[in-house]
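Below is one structure, written out as structure tokens, with a few remarks after it.
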Amino acid sequence: MTEAKPGLLTTVKSYPAAFWIANTMEIFERMAWYGFFAVSSLYITGPVETGGLGFSSEERGQLQAIVPFFLYLLPVVTGALADRYGYKKLFIIAYIGMIIFYYALGQFKTFPTFLGAFMLVAVAAAIFKPVVVGTVARVTDESNSSMGFGIFYMMVNVGGFAGPLIAGAIRGISWEYVFISCSCWAAVNLVIVVLFYKDPTSESASENPRTLGKVASDAVEVLGNMRFGITVFVVLIALMIANQEFESFQFFPHCTIFVAVWLVLNFLWDMAMPVGSGNPNHRASASRLFLFKRMHCSNWRFALFLLIMSGFWTSFNQIFLSLPPYVRDFVDTKPMVDVGRSVFGAVGKEHWIEGLAAIEETELLGEFGGLARRSRGLDDMVAEKPPTEEKLRETISGLVTDLKKLAINEDVPPPDQQEALAFAESHGDPKGDLAMLQEETTLGSTLKNRIERAMRIADHPTDPSLTDEDRTALDSLVVRLNKLGAKPPLNAIDLVYASRKILQYKVRITPLELGELIAGVPDAPPEITEDAMTVAIATINKRLDAKGKKEFVDGEEDALKAVLRTLLAKGPYPSESAVAEASEKLKTGELKVESAVLALGVRDLAYRPTIWARMDAGRQVNPEHIINMDALAIVFFQVLISFLMAKFHRFTTMIVGMVIAAIGIGLPFIAGGTMVGPAGGLLIVVIAGIVTFAVGEMMASPTSQEYVGRIAPKDKIAVYMGYYFVAVALGNLFGGILSGQLYGKLARDAQRPDLMWLAFGGIMLLTAVVFLLYNKFALPKHKADTLTPG
């Protein structure tokens with residue numbers, strides 16, 4: 001243990017104004033970033049009709065992998081610039097950029113333009129990050145830095161907690177307000193920094209400031225020389241590209257071979273250079289261009305520290321990458337819904353349950369309606385819009401990629417493998433007119449769906465989420481459904497996968513229950529009450545508003561009511577042509593109602609009376625509310641934990657914190673539950689895991705930032721903090737890779753999420769063990785707070 005530390009109140013009073021100003025700006029910056037990023041998946045993949053971009057999940061994955069990766073790499077550069085040109089100037093540039101580019105995010109609707117705006121937001125955030133952390137490091141000292149970084153980390157989570165809540169509320173009005181609010185938070189920070197922030201740096205006003213070239217050289221030399229930096233940078237870029245799972249650059253074998261060859265070539269090149277040419281203090285390096293010097297790692301201890309920290313961030317990121325889909329798919333959050341109903345009911349605000357556990361109603365009714373119509377041998381109520389030639393070519397290219405993967409899948413029968421490969425080889429460069437492309441798309445989609453469905457059916461007898469009794473009951477139910485005239489015939493696996501899809505809409509229902517609801521839809525015309533009609537019209541108007549079109553009001557509603565009653569007069573299954581004709585009748589003046597929008601109201605009236613009681617009973621909490629418990633725990637307890645941990649050595653705090661975090665992130669291992677079984681995982685165990693993880697996080701994360709701030713030279717604090725974010729970038733990269741692979745193979749396919757959490761807990765525990773060894777063997781004796789070059 002170290003010497004006695006000052007008391008809590010004394011420590012809090014010791015911080016200068018710049019400390020509190022930096023912390024305040026951190027809150028608003030996090031509100032802006034998480035205000036968008038927390039709902040970005042919904043916006044990026046949301047339907048264009050509801051204000052989203054309509055991008056694919058693959059495109060969403062690329063955006064959310066590429067942009068944060070560069071966000072956490074760029075602080076190395078921006079931190080160096082801040083040390084030279086002053087923190088205040090860089091703050092102003094960052095906030096102006098945020099104001100412009102957050103707003104621009106809501107204006108660009110194509111993938112390239114949206115990616116460009118998102119990257120510019122990342123550049124602005126990358127300018128901000130090392131400067132705000134550098135401010136905290138510069139205005140604290142040995143006596144109060146532990147508490148200082150703890151308070152700072154608490155402020156990070158205040159913004160991270162409030163931002164998504166506000167964004168989630170206002171996106172219900174319009175997506176545009178989300179982007180406007182993010183720009184407003186940045187504007188608040190611009191006012192604060194201009195009026196109140198006093199720059200703690202002094203080099204920009206000195207008589208002999210460094211040149212831009214010297215700044216770049218000093219930044220690189222924190223870890224090594226330019227050759228070393230370029231070599232590492234290329235490896236990181238290769239790993240990032242491979243993480244996108246492009247067909248032409250997979251991890252195995254493409255990326256593995258490329259990285260190996262790249263490293264070998266660099267080592268061979270080194271052998272041709274003079275000995276000592278990489279060391280700036282060696283005479284062999286004098287007057288040589290950087291390309292003609294050997295690689296040199298001047299501070300291997302710091303480089304190793306960053307590499308080890310990437311293990312912490314790899315496991316840490318699973319709270320945001322793997323836990324949300326796990327909560328959605330495997331955890332029964334109904335107990336929290338029940339508590340919410342009781343609390344909201346007691347204050348007369350029953351409708352507030354929609355904020356806690358919002359069902360995606362139109363999507364759910366659409367999925368159910370499709371299954372109900374199929375069980376009666378009917379096509380969809382709405383014909384898909386004819387795609388453009390460009391979209392068809394993109395679709396065929398995607399089919400080619402998917403079919404190539406199926407062609408080498410050992411679970412696919414050889415005849416199907418050959419058929420998949422033949423299609424892929426003959427459609428590598430899609431050509432032809434619109435009609436030909438449509439025909440080829442249909443052929444490829446049919447082939448892919450047939451093979452994948454056959455694989456699911458083959459796996460059905462061994463699906464770990466179903467018992468033998470479940471399978472017997474499902475098979476019997478399917479026979480009953482198929483007697484209704486299902487085309488193509490339904491299989492038990494269709495109900496299983498439909499139940500899993502409905503989980504995405506925040507409802508937990510077993511396949512057997514879903515099948516019984518489908519069978520229970522009456523063929524007779526539904527009874528349409530005024531309340532039901534009001535709900536249906538509200539659904540249609542909400543979609544019209546999202547599309548920026550005129551809504552039905554006053555007398556116009558009467559015409560809509562008449563059309564809906566006519567469509568359902570013969571039963572709950574109006575034909576595609578009937579819906580299309582009704583849609584045309586309603587297009588008068590400014591009112592223009594597409595078939596797809598009108599169908600929303602039809603489904604509401606046709607199926608809601610049959611299914612809603614059961615769907616409402618299966619309502620699940622929005623996963624983001626569960627995840628936010630991590631931030632909430634930090635807001636409440638960070639200052640106390642930082643004050644207590646100030647009495648211990650920094651490495652002791654980090655290592656113990658990682659062990660506690662490992663226990664927390666591994667705790668869902670014992671939560672149990674399956675995706676579509678009668679009971680999900682135990683919510684109380686998951687919450688206990690999140691809170692336990694938060695305790696470890698409160699010990700390890702701010703202490704690691706404090707540590708780097710303390711060992712950095714005074715004139716290079718921002719660039720050192722910039723290098724710290726390289727560990728975060730690696731954690732994002734490795735965390736994304738492992739999340740996708742382990743969740744897909746263990747949680748989703750094998751129905752063993754317990755093994756996934758055991759693996760992530762193991763990674764955190766291994767990181768703690770490596771840190772223990774690092775502290776014992778890598779650092780100089782009695783100098784555990786120094787990372788001297790060597």
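Residue numbers start at 1 in each chain; chains themselves are named A, B, ... in the order of the structure tokens; ligands are numbered from 1 in the order shown.
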Discussion item. Taking 4 positions as the minimum chain separation for residues in the same chain, which residues sit within 12 Å of A:Ile408 when counting only C-alpha atoms? Answer as an MDAnalysis selection string.
Written reply: chainID A and resid 401:404 412:421 424
Export of prior selection with N, CA, C and O atoms as a tab-separated table (two decimals), in the first residue's frame:
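Printed below is out25.tsv as written:
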```tsv
chain	number	residue	atom	x	y	z
A	401	THR	N	-21.92	-14.90	-53.40
A	401	THR	CA	-21.08	-15.06	-52.20
A	401	THR	C	-21.66	-16.12	-51.27
A	401	THR	O	-20.94	-17.00	-50.77
A	402	ASP	N	-22.98	-16.04	-51.02
A	402	ASP	CA	-23.62	-16.99	-50.11
A	402	ASP	C	-23.58	-18.42	-50.65
A	402	ASP	O	-23.34	-19.38	-49.90
A	403	LEU	N	-23.80	-18.58	-51.95
A	403	LEU	CA	-23.81	-19.91	-52.54
A	403	LEU	C	-22.42	-20.53	-52.59
A	403	LEU	O	-22.26	-21.75	-52.48
A	404	LYS	N	-21.39	-19.70	-52.72
A	404	LYS	CA	-20.02	-20.22	-52.66
A	404	LYS	C	-19.72	-20.80	-51.28
A	404	LYS	O	-19.05	-21.83	-51.16
A	412	VAL	N	-23.88	-29.62	-46.41
A	412	VAL	CA	-24.71	-29.55	-47.61
A	412	VAL	C	-24.44	-30.79	-48.46
A	412	VAL	O	-23.28	-31.12	-48.74
A	413	PRO	N	-25.48	-31.50	-48.90
A	413	PRO	CA	-25.29	-32.70	-49.75
A	413	PRO	C	-24.52	-32.35	-51.02
A	413	PRO	O	-24.68	-31.26	-51.58
A	414	PRO	N	-23.68	-33.27	-51.51
A	414	PRO	CA	-22.87	-33.01	-52.72
A	414	PRO	C	-23.65	-32.50	-53.92
A	414	PRO	O	-23.20	-31.56	-54.58
A	415	PRO	N	-24.85	-33.04	-54.24
A	415	PRO	CA	-25.59	-32.49	-55.40
A	415	PRO	C	-25.92	-31.01	-55.23
A	415	PRO	O	-25.82	-30.22	-56.18
A	416	ASP	N	-26.32	-30.65	-54.02
A	416	ASP	CA	-26.63	-29.24	-53.76
A	416	ASP	C	-25.37	-28.38	-53.80
A	416	ASP	O	-25.40	-27.23	-54.25
A	417	GLN	N	-24.26	-28.92	-53.32
A	417	GLN	CA	-22.99	-28.21	-53.40
A	417	GLN	C	-22.64	-27.90	-54.85
A	417	GLN	O	-22.23	-26.78	-55.19
A	418	GLN	N	-22.79	-28.89	-55.71
A	418	GLN	CA	-22.45	-28.71	-57.13
A	418	GLN	C	-23.37	-27.69	-57.78
A	418	GLN	O	-22.93	-26.86	-58.58
A	419	GLU	N	-24.67	-27.73	-57.43
A	419	GLU	CA	-25.62	-26.79	-58.01
A	419	GLU	C	-25.32	-25.36	-57.55
A	419	GLU	O	-25.38	-24.42	-58.34
A	420	ALA	N	-24.98	-25.22	-56.27
A	420	ALA	CA	-24.64	-23.90	-55.74
A	420	ALA	C	-23.39	-23.35	-56.40
A	420	ALA	O	-23.31	-22.17	-56.77
A	421	LEU	N	-22.37	-24.21	-56.56
A	421	LEU	CA	-21.12	-23.78	-57.18
A	421	LEU	C	-21.34	-23.41	-58.64
A	421	LEU	O	-20.76	-22.43	-59.14
A	424	ALA	N	-22.86	-19.98	-58.80
A	424	ALA	CA	-21.90	-18.96	-58.41
A	424	ALA	C	-20.88	-18.71	-59.52
A	424	ALA	O	-20.53	-17.56	-59.82
```
Worksheet entry | A:Leu682 environment, 7 Å, only C-alpha atoms, sequence neighbours closer than 6 positions dropped, as a PyMOL selection string | chain A and resi 331-332+671-672
Each residue of stretch 121-196 of chain A lying at most 10 Å from stretch 352-368 of chain A should get a row with its shortest atom-to-atom pair and the distance in Å to one decimal, counting only C-alpha atoms; could you produce that, ordered by chain and increasing number, as a Markdown table?
```
| residue | atom | partner | partner_atom | distance |
| --- | --- | --- | --- | --- |
| A:Leu165 | CA | A:Gly355 | CA | 9.6 |
| A:Gly168 | CA | A:Gly355 | CA | 8.6 |
| A:Ala169 | CA | A:Gly355 | CA | 8.0 |
```
Could the residues in this selection be written to a file with all heavy atoms, as an mmCIF file, in the first residue's frame?
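Contents of selection_15.cif, freshly written:
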```cif
data_model
loop_
_atom_site.group_PDB
_atom_site.id
_atom_site.type_symbol
_atom_site.label_atom_id
_atom_site.label_comp_id
_atom_site.auth_asym_id
_atom_site.auth_seq_id
_atom_site.Cartn_x
_atom_site.Cartn_y
_atom_site.Cartn_z
ATOM 1 N N LEU A 165 -31.116 7.586 -23.869
ATOM 2 C CA LEU A 165 -32.483 7.774 -23.390
ATOM 3 C C LEU A 165 -33.171 8.913 -24.137
ATOM 4 O O LEU A 165 -34.328 8.797 -24.573
ATOM 5 C CB LEU A 165 -32.481 8.064 -21.890
ATOM 6 C CG LEU A 165 -32.086 6.910 -20.965
ATOM 7 C CD1 LEU A 165 -32.136 7.367 -19.513
ATOM 8 C CD2 LEU A 165 -32.995 5.705 -21.160
ATOM 9 N N GLY A 168 -33.637 7.903 -27.830
ATOM 10 C CA GLY A 168 -34.714 6.936 -27.972
ATOM 11 C C GLY A 168 -36.079 7.577 -27.891
ATOM 12 O O GLY A 168 -37.026 7.150 -28.571
ATOM 13 N N ALA A 169 -36.185 8.637 -27.078
ATOM 14 C CA ALA A 169 -37.471 9.321 -26.936
ATOM 15 C C ALA A 169 -37.789 10.166 -28.170
ATOM 16 O O ALA A 169 -38.907 10.117 -28.698
ATOM 17 C CB ALA A 169 -37.459 10.185 -25.685
#
```
Quick one: contact table of stretch 589-663 of chain A to stretch 547-561 of chain A, 12 Å max, nearest atom pair and distance in Å to one decimal per residue, counting only C-alpha atoms, chain and number order, as a Markdown table?
```
| residue | atom | partner | partner_atom | distance |
| --- | --- | --- | --- | --- |
| A:Gly589 | CA | A:Lys550 | CA | 9.9 |
| A:Glu590 | CA | A:Lys550 | CA | 6.5 |
| A:Leu591 | CA | A:Lys550 | CA | 5.8 |
| A:Lys592 | CA | A:Lys549 | CA | 7.5 |
| A:Val593 | CA | A:Lys549 | CA | 8.7 |
| A:Glu594 | CA | A:Lys549 | CA | 10.8 |
| A:Val597 | CA | A:Lys547 | CA | 10.1 |
| A:Leu598 | CA | A:Leu560 | CA | 9.0 |
| A:Ala599 | CA | A:Leu560 | CA | 11.9 |
| A:Gly601 | CA | A:Leu560 | CA | 9.7 |
| A:Val602 | CA | A:Lys561 | CA | 10.5 |
| A:Leu605 | CA | A:Lys561 | CA | 11.0 |
```
Store the residues of this selection in a file with all heavy atoms, as a PDB file, in the first residue's frame.
```pdb
ATOM      1  N   GLY A 589     -56.311  13.872 -54.418  1.00  0.00           N
ATOM      2  CA  GLY A 589     -55.659  15.105 -53.989  1.00  0.00           C
ATOM      3  C   GLY A 589     -54.267  14.834 -53.450  1.00  0.00           C
ATOM      4  O   GLY A 589     -53.445  14.181 -54.092  1.00  0.00           O
ATOM      5  N   GLU A 590     -54.005  15.322 -52.237  1.00  0.00           N
ATOM      6  CA  GLU A 590     -52.694  15.132 -51.617  1.00  0.00           C
ATOM      7  C   GLU A 590     -52.555  13.760 -50.965  1.00  0.00           C
ATOM      8  O   GLU A 590     -51.453  13.351 -50.607  1.00  0.00           O
ATOM      9  CB  GLU A 590     -52.454  16.214 -50.558  1.00  0.00           C
ATOM     10  CG  GLU A 590     -52.355  17.624 -51.124  1.00  0.00           C
ATOM     11  CD  GLU A 590     -52.050  18.628 -50.029  1.00  0.00           C
ATOM     12  OE1 GLU A 590     -51.285  18.272 -49.111  1.00  0.00           O
ATOM     13  OE2 GLU A 590     -52.575  19.748 -50.076  1.00  0.00           O
ATOM     14  N   LEU A 591     -53.654  13.065 -50.792  1.00  0.00           N
ATOM     15  CA  LEU A 591     -53.599  11.741 -50.169  1.00  0.00           C
ATOM     16  C   LEU A 591     -53.091  10.712 -51.175  1.00  0.00           C
ATOM     17  O   LEU A 591     -53.688  10.530 -52.244  1.00  0.00           O
ATOM     18  CB  LEU A 591     -54.981  11.325 -49.669  1.00  0.00           C
ATOM     19  CG  LEU A 591     -55.419  11.893 -48.320  1.00  0.00           C
ATOM     20  CD1 LEU A 591     -56.871  11.551 -48.057  1.00  0.00           C
ATOM     21  CD2 LEU A 591     -54.538  11.357 -47.202  1.00  0.00           C
ATOM     22  N   LYS A 592     -52.000  10.077 -50.847  1.00  0.00           N
ATOM     23  CA  LYS A 592     -51.443   9.031 -51.700  1.00  0.00           C
ATOM     24  C   LYS A 592     -51.043   7.867 -50.800  1.00  0.00           C
ATOM     25  O   LYS A 592     -50.039   7.935 -50.103  1.00  0.00           O
ATOM     26  CB  LYS A 592     -50.247   9.544 -52.498  1.00  0.00           C
ATOM     27  CG  LYS A 592     -50.603  10.701 -53.446  1.00  0.00           C
ATOM     28  CD  LYS A 592     -49.456  11.057 -54.343  1.00  0.00           C
ATOM     29  CE  LYS A 592     -49.799  12.252 -55.226  1.00  0.00           C
ATOM     30  NZ  LYS A 592     -50.975  11.981 -56.074  1.00  0.00           N
ATOM     31  N   VAL A 593     -51.845   6.821 -50.811  1.00  0.00           N
ATOM     32  CA  VAL A 593     -51.641   5.691 -49.914  1.00  0.00           C
ATOM     33  C   VAL A 593     -51.193   4.479 -50.720  1.00  0.00           C
ATOM     34  O   VAL A 593     -51.923   3.978 -51.570  1.00  0.00           O
ATOM     35  CB  VAL A 593     -52.934   5.346 -49.142  1.00  0.00           C
ATOM     36  CG1 VAL A 593     -52.659   4.258 -48.115  1.00  0.00           C
ATOM     37  CG2 VAL A 593     -53.497   6.582 -48.487  1.00  0.00           C
ATOM     38  N   GLU A 594     -49.988   4.023 -50.470  1.00  0.00           N
ATOM     39  CA  GLU A 594     -49.481   2.838 -51.157  1.00  0.00           C
ATOM     40  C   GLU A 594     -50.115   1.582 -50.561  1.00  0.00           C
ATOM     41  O   GLU A 594     -50.566   1.575 -49.412  1.00  0.00           O
ATOM     42  CB  GLU A 594     -47.961   2.767 -51.031  1.00  0.00           C
ATOM     43  CG  GLU A 594     -47.233   3.951 -51.650  1.00  0.00           C
ATOM     44  CD  GLU A 594     -45.748   3.935 -51.333  1.00  0.00           C
ATOM     45  OE1 GLU A 594     -45.336   3.102 -50.494  1.00  0.00           O
ATOM     46  OE2 GLU A 594     -45.007   4.748 -51.910  1.00  0.00           O
ATOM     47  N   VAL A 597     -48.743   0.510 -47.206  1.00  0.00           N
ATOM     48  CA  VAL A 597     -49.195   1.285 -46.043  1.00  0.00           C
ATOM     49  C   VAL A 597     -50.609   0.879 -45.666  1.00  0.00           C
ATOM     50  O   VAL A 597     -50.933   0.695 -44.483  1.00  0.00           O
ATOM     51  CB  VAL A 597     -49.116   2.794 -46.340  1.00  0.00           C
ATOM     52  CG1 VAL A 597     -49.672   3.599 -45.166  1.00  0.00           C
ATOM     53  CG2 VAL A 597     -47.684   3.203 -46.626  1.00  0.00           C
ATOM     54  N   LEU A 598     -51.465   0.714 -46.650  1.00  0.00           N
ATOM     55  CA  LEU A 598     -52.836   0.288 -46.382  1.00  0.00           C
ATOM     56  C   LEU A 598     -52.864  -1.090 -45.726  1.00  0.00           C
ATOM     57  O   LEU A 598     -53.687  -1.364 -44.840  1.00  0.00           O
ATOM     58  CB  LEU A 598     -53.638   0.264 -47.685  1.00  0.00           C
ATOM     59  CG  LEU A 598     -55.130  -0.077 -47.576  1.00  0.00           C
ATOM     60  CD1 LEU A 598     -55.857   0.918 -46.683  1.00  0.00           C
ATOM     61  CD2 LEU A 598     -55.764  -0.135 -48.968  1.00  0.00           C
ATOM     62  N   ALA A 599     -51.938  -1.962 -46.142  1.00  0.00           N
ATOM     63  CA  ALA A 599     -51.881  -3.320 -45.583  1.00  0.00           C
ATOM     64  C   ALA A 599     -51.589  -3.309 -44.094  1.00  0.00           C
ATOM     65  O   ALA A 599     -51.981  -4.234 -43.372  1.00  0.00           O
ATOM     66  CB  ALA A 599     -50.828  -4.141 -46.317  1.00  0.00           C
ATOM     67  N   GLY A 601     -52.883  -1.355 -41.847  1.00  0.00           N
ATOM     68  CA  GLY A 601     -54.167  -1.274 -41.166  1.00  0.00           C
ATOM     69  C   GLY A 601     -54.979  -2.549 -41.304  1.00  0.00           C
ATOM     70  O   GLY A 601     -55.668  -2.964 -40.355  1.00  0.00           O
ATOM     71  N   VAL A 602     -54.883  -3.204 -42.461  1.00  0.00           N
ATOM     72  CA  VAL A 602     -55.596  -4.461 -42.677  1.00  0.00           C
ATOM     73  C   VAL A 602     -55.103  -5.520 -41.692  1.00  0.00           C
ATOM     74  O   VAL A 602     -55.904  -6.220 -41.047  1.00  0.00           O
ATOM     75  CB  VAL A 602     -55.421  -4.945 -44.130  1.00  0.00           C
ATOM     76  CG1 VAL A 602     -56.036  -6.332 -44.312  1.00  0.00           C
ATOM     77  CG2 VAL A 602     -56.048  -3.957 -45.098  1.00  0.00           C
ATOM     78  N   LEU A 605     -56.357  -4.925 -38.100  1.00  0.00           N
ATOM     79  CA  LEU A 605     -57.738  -5.331 -37.855  1.00  0.00           C
ATOM     80  C   LEU A 605     -57.933  -6.840 -37.963  1.00  0.00           C
ATOM     81  O   LEU A 605     -58.757  -7.418 -37.249  1.00  0.00           O
ATOM     82  CB  LEU A 605     -58.658  -4.623 -38.859  1.00  0.00           C
ATOM     83  CG  LEU A 605     -58.765  -3.100 -38.705  1.00  0.00           C
ATOM     84  CD1 LEU A 605     -59.488  -2.497 -39.898  1.00  0.00           C
ATOM     85  CD2 LEU A 605     -59.478  -2.733 -37.409  1.00  0.00           C
TER      86      LEU A 605
END
```
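Minimum distance to A:Phe651 across A:Asn775, A:Ser285, A:Ser701, A:Gln620 (counting only C-alpha atoms) occurs at A:Asn775.
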Worksheet entry | Distance in Å - atom CA of A:Ala750 versus atom CA of A:Val686 | 20.2 Å
